[in-house]
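Asks: Input structure20.txt, format and content: compact mmCIF, C-alpha atoms and all ligand atoms.
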# COMPACT_ATOMS: atom_id res chain seq x y z
CA MET M 1 103.24 133.28 87.04
CA ASN M 2 105.68 132.43 89.78
CA TYR M 3 106.45 128.73 90.04
CA SER M 4 109.35 128.99 92.41
CA ARG M 5 107.45 128.33 95.66
CA ILE M 6 107.06 124.57 95.65
CA ALA M 7 105.01 122.03 97.63
CA VAL M 8 106.02 118.38 97.32
CA PHE M 9 103.30 115.76 97.96
CA ALA M 10 104.43 112.28 99.00
CA SER M 11 102.99 109.21 100.74
CA GLY M 12 105.93 106.88 101.24
CA GLN M 13 109.69 106.61 101.41
CA GLY M 14 110.35 110.04 100.02
CA SER M 15 113.59 109.28 98.21
CA ASN M 16 112.52 111.61 95.39
CA PHE M 17 111.65 114.24 97.97
CA ALA M 18 115.17 113.85 99.37
CA ALA M 19 116.69 114.13 95.87
CA LEU M 20 114.75 117.35 95.26
CA ALA M 21 115.77 118.79 98.63
CA GLN M 22 119.40 117.95 97.87
CA ALA M 23 119.15 119.57 94.44
CA GLN M 24 117.82 122.71 96.11
CA ARG M 25 120.72 122.74 98.58
CA GLU M 26 123.14 122.39 95.69
CA GLY M 27 121.53 125.20 93.68
CA ARG M 28 120.15 122.84 91.03
CA LEU M 29 116.46 123.71 91.39
CA GLY M 30 116.29 126.71 89.07
CA GLY M 31 115.66 129.09 91.95
CA GLY M 32 112.84 126.87 93.20
CA VAL M 33 112.35 126.52 96.94
CA ILE M 34 110.53 123.61 98.58
CA GLU M 35 108.31 125.42 101.06
CA LEU M 36 106.16 122.50 102.16
CA LEU M 37 105.78 118.73 102.25
CA VAL M 38 102.19 117.50 102.11
CA SER M 39 101.60 113.90 103.13
CA ASP M 40 98.47 111.82 103.56
CA ARG M 41 100.41 109.37 105.75
CA PRO M 42 101.82 111.12 108.82
CA GLU M 43 103.76 107.96 109.77
CA ALA M 44 105.51 107.69 106.39
CA PRO M 45 109.33 107.97 106.31
CA VAL M 46 109.06 111.06 104.09
CA ALA M 47 107.77 113.06 107.09
CA GLN M 48 110.99 112.34 108.95
CA ARG M 49 113.03 113.36 105.92
CA ALA M 50 111.25 116.73 105.78
CA GLN M 51 111.98 117.30 109.43
CA GLU M 52 115.66 116.50 108.91
CA ALA M 53 115.80 118.85 105.94
CA GLY M 54 114.12 121.64 107.92
CA ILE M 55 111.15 121.75 105.53
CA ALA M 56 107.68 122.47 106.93
CA SER M 57 105.11 119.74 106.56
CA LEU M 58 101.36 119.38 106.47
CA LEU M 59 100.55 115.85 107.60
CA LEU M 60 96.89 114.91 107.34
CA ARG M 61 94.87 111.73 107.56
CA PRO M 62 92.18 111.77 104.87
CA LYS M 63 89.95 109.62 107.06
CA ASP M 64 89.81 112.43 109.62
CA PHE M 65 87.81 114.43 107.07
CA ASP M 66 84.19 113.95 106.00
CA SER M 67 85.13 113.74 102.32
CA ARG M 68 88.08 113.77 99.91
CA GLU M 69 86.97 117.26 98.94
CA GLN M 70 87.19 118.56 102.50
CA TYR M 71 90.61 116.97 102.90
CA GLU M 72 91.83 118.73 99.77
CA ALA M 73 90.17 122.02 100.75
CA ARG M 74 92.33 122.02 103.88
CA ILE M 75 95.41 121.47 101.71
CA VAL M 76 94.44 124.26 99.29
CA GLU M 77 94.02 126.64 102.23
CA GLU M 78 97.59 125.89 103.34
CA LEU M 79 98.98 126.17 99.78
CA LYS M 80 97.35 129.57 99.34
CA ARG M 81 98.59 130.78 102.72
CA ARG M 82 102.11 129.88 101.67
CA GLU M 83 101.68 131.25 98.13
CA ILE M 84 102.66 127.93 96.56
CA GLY M 85 103.01 128.17 92.77
CA LEU M 86 103.99 124.60 91.83
CA ILE M 87 102.89 121.22 93.18
CA VAL M 88 105.29 118.33 92.70
CA LEU M 89 103.85 114.87 93.32
CA ALA M 90 106.54 112.40 94.33
CA GLY M 91 105.00 109.07 95.21
CA TYR M 92 101.69 110.63 96.31
CA MET M 93 99.33 107.68 96.20
CA ARG M 94 96.01 109.47 95.71
CA LEU M 95 94.02 110.75 92.79
CA ILE M 96 93.55 114.51 92.86
CA THR M 97 89.99 115.92 92.83
CA PRO M 98 88.84 119.16 91.16
CA VAL M 99 89.09 120.94 94.54
CA LEU M 100 92.89 120.90 94.17
CA LEU M 101 93.08 120.57 90.41
CA ALA M 102 91.00 123.64 89.51
CA PRO M 103 93.06 126.27 91.37
CA TYR M 104 96.35 124.60 90.35
CA GLU M 105 95.57 123.55 86.78
CA GLY M 106 98.79 123.36 84.75
CA ARG M 107 100.87 123.67 87.92
CA ILE M 108 100.82 120.08 89.20
CA ILE M 109 103.38 117.56 87.96
CA ASN M 110 104.05 113.90 88.73
CA ILE M 111 106.80 111.36 88.20
CA HIS M 112 105.91 107.84 87.12
CA PRO M 113 108.25 104.84 86.81
CA SER M 114 107.37 103.77 83.26
CA LEU M 115 107.24 105.22 79.77
CA LEU M 116 103.64 106.42 79.77
CA PRO M 117 101.11 105.67 78.42
CA ALA M 118 102.46 102.16 79.06
CA PHE M 119 101.93 100.78 82.56
CA ALA M 120 99.95 103.55 84.23
CA GLY M 121 98.71 103.03 87.77
CA LYS M 122 100.17 101.01 90.59
CA ASP M 123 103.32 98.86 90.42
CA ALA M 124 104.43 100.13 87.02
CA ILE M 125 107.81 98.42 87.41
CA GLY M 126 106.19 95.03 88.11
CA GLN M 127 103.78 95.55 85.24
CA ALA M 128 106.67 96.23 82.84
CA LEU M 129 108.59 93.16 84.02
CA ASP M 130 105.55 90.90 83.76
CA TYR M 131 104.81 92.19 80.27
CA GLY M 132 108.36 91.44 79.20
CA VAL M 133 109.18 94.79 77.61
CA LYS M 134 112.84 95.35 76.72
CA LEU M 135 112.72 99.10 77.32
CA THR M 136 111.05 100.97 80.13
CA GLY M 137 111.82 104.22 81.89
CA VAL M 138 110.59 107.28 83.71
CA THR M 139 107.99 109.89 82.78
CA VAL M 140 107.39 113.34 84.24
CA HIS M 141 103.97 114.64 83.28
CA PHE M 142 101.30 117.20 84.06
CA VAL M 143 98.56 115.95 86.34
CA ASP M 144 94.95 115.94 85.20
CA GLY M 145 91.91 114.21 86.66
CA GLY M 146 92.93 110.77 85.35
CA MET M 147 95.41 108.14 86.51
CA ASP M 148 98.80 109.13 84.96
CA THR M 149 97.08 110.59 81.88
CA GLY M 150 98.27 114.22 81.72
CA PRO M 151 100.58 115.66 79.04
CA VAL M 152 104.15 114.31 79.07
CA ILE M 153 106.92 116.79 79.92
CA ALA M 154 110.00 114.55 79.88
CA GLN M 155 110.85 110.88 79.51
CA ARG M 156 114.01 108.85 79.91
CA ALA M 157 114.35 105.23 78.83
CA LEU M 158 116.41 102.34 80.12
CA ALA M 159 116.89 98.74 79.03
CA VAL M 160 115.39 95.85 80.94
CA GLU M 161 118.18 93.29 81.35
CA ASP M 162 117.76 89.52 81.30
CA GLY M 163 117.49 88.43 84.92
CA ASP M 164 116.24 91.78 86.19
CA THR M 165 114.07 91.55 89.29
CA ALA M 166 111.61 94.18 90.48
CA ASP M 167 114.31 95.33 92.93
CA SER M 168 117.18 95.57 90.46
CA LEU M 169 115.03 97.38 87.90
CA ALA M 170 113.59 99.70 90.55
CA GLU M 171 117.09 100.66 91.65
CA ARG M 172 118.09 101.76 88.13
CA ILE M 173 114.76 103.52 87.61
CA HIS M 174 115.16 105.41 90.86
CA ARG M 175 118.62 106.60 89.86
CA ILE M 176 117.10 108.10 86.71
CA GLU M 177 114.28 109.67 88.73
CA TYR M 178 116.71 111.41 91.07
CA GLU M 179 118.35 113.10 88.07
CA LEU M 180 115.34 113.78 85.90
CA TYR M 181 112.90 115.17 88.46
CA PRO M 182 115.18 117.95 89.76
CA GLU M 183 115.95 118.91 86.14
CA VAL M 184 112.27 119.23 85.24
CA VAL M 185 111.38 121.01 88.49
CA ALA M 186 114.25 123.44 87.87
CA ALA M 187 112.95 124.17 84.37
CA PHE M 188 109.45 124.66 85.75
CA ALA M 189 110.58 126.90 88.59
CA ALA M 190 112.46 128.99 86.04
CA GLY M 191 109.28 129.35 83.95
CA LYS M 192 110.71 127.38 81.02
CA ILE M 193 107.91 124.85 80.51
CA LYS M 194 105.13 125.65 78.06
CA LEU M 195 102.03 123.63 77.35
CA ASP M 196 100.07 123.80 74.09
CA GLY M 197 97.26 121.26 74.04
CA ARG M 198 98.98 117.98 74.95
CA LYS M 199 102.41 119.20 73.76
CA ALA M 200 104.75 120.30 76.52
CA THR M 201 108.03 121.96 75.56
CA VAL M 202 111.03 122.90 77.65
CA ARG M 203 112.79 126.11 76.65
CA GLN M 204 116.56 125.78 76.99
C1 LIG E 301 108.73 106.60 92.57
O1 LIG E 301 109.16 105.46 91.89
C2 LIG E 301 107.84 107.42 91.68
O2 LIG E 301 108.12 107.27 90.34
C3 LIG E 301 106.47 106.86 91.98
O3 LIG E 301 106.49 106.54 93.34
C4 LIG E 301 107.82 106.25 93.74
C5 LIG E 301 108.10 107.07 94.96
O4 LIG E 301 109.28 106.68 95.60
N1 LIG E 301 105.45 107.81 91.62
P1 LIG E 301 109.88 107.59 96.76
O5 LIG E 301 108.79 107.71 97.84
O6 LIG E 301 110.24 108.91 96.18
O7 LIG E 301 111.06 106.85 97.30
Please express what this file holds, its structure, as structure tokens.
Replies:
Amino acid sequence: MNYSRIAVFASGQGSNFAALAQAQREGRLGGGVIELLVSDRPEAPVAQRAQEAGIASLLLRPKDFDSREQYEARIVEELKRREIGLIVLAGYMRLITPVLLAPYEGRIINIHPSLLPAFAGKDAIGQALDYGVKLTGVTVHFVDGGMDTGPVIAQRALAVEDGDTADSLAERIHRIEYELYPEVVAAFAAGKIKLDGRKATVRQ
């Protein structure tokens, strides 16, 4: 299986997209190449970032389609045309349906700003602060049909400091994301990630 042709899906700022594109430029993506940005928000800043990086993009409005399934079928058509082997979700704010999941099972990963299974779903950083945990972090995981429920590939923890705000904590979490995601994507692109049940391992 060739995982080196990558599509990144994003809905927002795209700072993780930019970190991945930079890693590719610097030869830190394990031979992986970002062939396509897919976004469900054509006006999102990430679209501009793709343009600046010279990366092709597929920008679609889900409401222009009759159903979520038809929206995803259009995406799958484009992924197949470009022979995409790995889908990297980076702030893509939609649940994936079986239309995309079935043909790409085991080849879709996501990054989430908490130590899953704690604080799945939206505003994980705010959830962690409100709960008062002393440790939180970042998780990269396989995507399944649930909300942040797929097998964990990698996690990195950081301490919540007294006086942290959502902004200060988010800044430290993002810094970890920009390191961890390119590392995991590089391992994936190089075929080094194995999944056995819920246990993912990374071959060194
Ligand atoms: C990141 O914090 C990521 O963990 C979460 O969404 C955020 C995306 O940020 N899934 P950006 O668009 O990459 O700046």
Asks: List the neighbours of Leu100 (chain M) out to 8 Å using all atoms listed in the file; skip same-chain residues closer than 6 positions along the sequence, and give me the result as a list in words.
Replies: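 With the cut-off at 8 Å, the set is Glu72, Ala73, Ile75 and Val76 of chain M.
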Asks: Given a cut-off of 9 Å, what residues near ligand LIG 301 (chain E) show up using all atoms listed in the file, put as a PyMOL selection string?
Replies: chain M and resi 10-19+45-46+89-93+110-114+122-125+138-140+170+173-174+177-178
Asks: Using CA of Arg28 (chain M) and CA of Gly85 (chain M) as the two end points, give the distance in Å to one decimal.
Replies: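 Here the two named atoms are 18.0 Å from each other.
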Asks: Which residues come within 7 Å of Ala190 (chain M), counting all atoms listed in the file, excluding same-chain residues fewer than 2 positions away, as a PyMOL selection string?
Replies: chain M and resi 30-31+186-188+192
Asks: Excluding Glu69 (chain M) and any residue of its chain fewer than 2 positions from it, enumerate the residues within 12 Å of it, using all atoms listed in the file, and give them as a PDB file with C-alpha atoms, in the coordinates of the input.
Replies:
ATOM      1  CA  PRO M  62      92.180 111.770 104.870  1.00  0.00           C
ATOM      2  CA  LYS M  63      89.950 109.620 107.060  1.00  0.00           C
ATOM      3  CA  PHE M  65      87.810 114.430 107.070  1.00  0.00           C
ATOM      4  CA  ASP M  66      84.190 113.950 106.000  1.00  0.00           C
ATOM      5  CA  SER M  67      85.130 113.740 102.320  1.00  0.00           C
ATOM      6  CA  TYR M  71      90.610 116.970 102.900  1.00  0.00           C
ATOM      7  CA  GLU M  72      91.830 118.730  99.770  1.00  0.00           C
ATOM      8  CA  ALA M  73      90.170 122.020 100.750  1.00  0.00           C
ATOM      9  CA  ARG M  74      92.330 122.020 103.880  1.00  0.00           C
ATOM     10  CA  ILE M  75      95.410 121.470 101.710  1.00  0.00           C
ATOM     11  CA  VAL M  76      94.440 124.260  99.290  1.00  0.00           C
ATOM     12  CA  LEU M  95      94.020 110.750  92.790  1.00  0.00           C
ATOM     13  CA  ILE M  96      93.550 114.510  92.860  1.00  0.00           C
ATOM     14  CA  THR M  97      89.990 115.920  92.830  1.00  0.00           C
ATOM     15  CA  PRO M  98      88.840 119.160  91.160  1.00  0.00           C
ATOM     16  CA  VAL M  99      89.090 120.940  94.540  1.00  0.00           C
ATOM     17  CA  LEU M 100      92.890 120.900  94.170  1.00  0.00           C
ATOM     18  CA  LEU M 101      93.080 120.570  90.410  1.00  0.00           C
TER      19      LEU M 101
END
Asks: For Ser168 (chain M), which of M:Leu129, M:Val152, M:Val88, M:Leu29 is the closest residue, counting all atoms listed in the file?
Replies: M:Leu129
Asks: I need the residue nearest Pro182 (chain M) from this list: M:Ser39, M:Leu60, M:Ala154, M:Arg94. Use all atoms listed in the file for the distance.
Replies: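 The shortest atom-to-atom distance to Pro182 (chain M) comes from M:Ala154.
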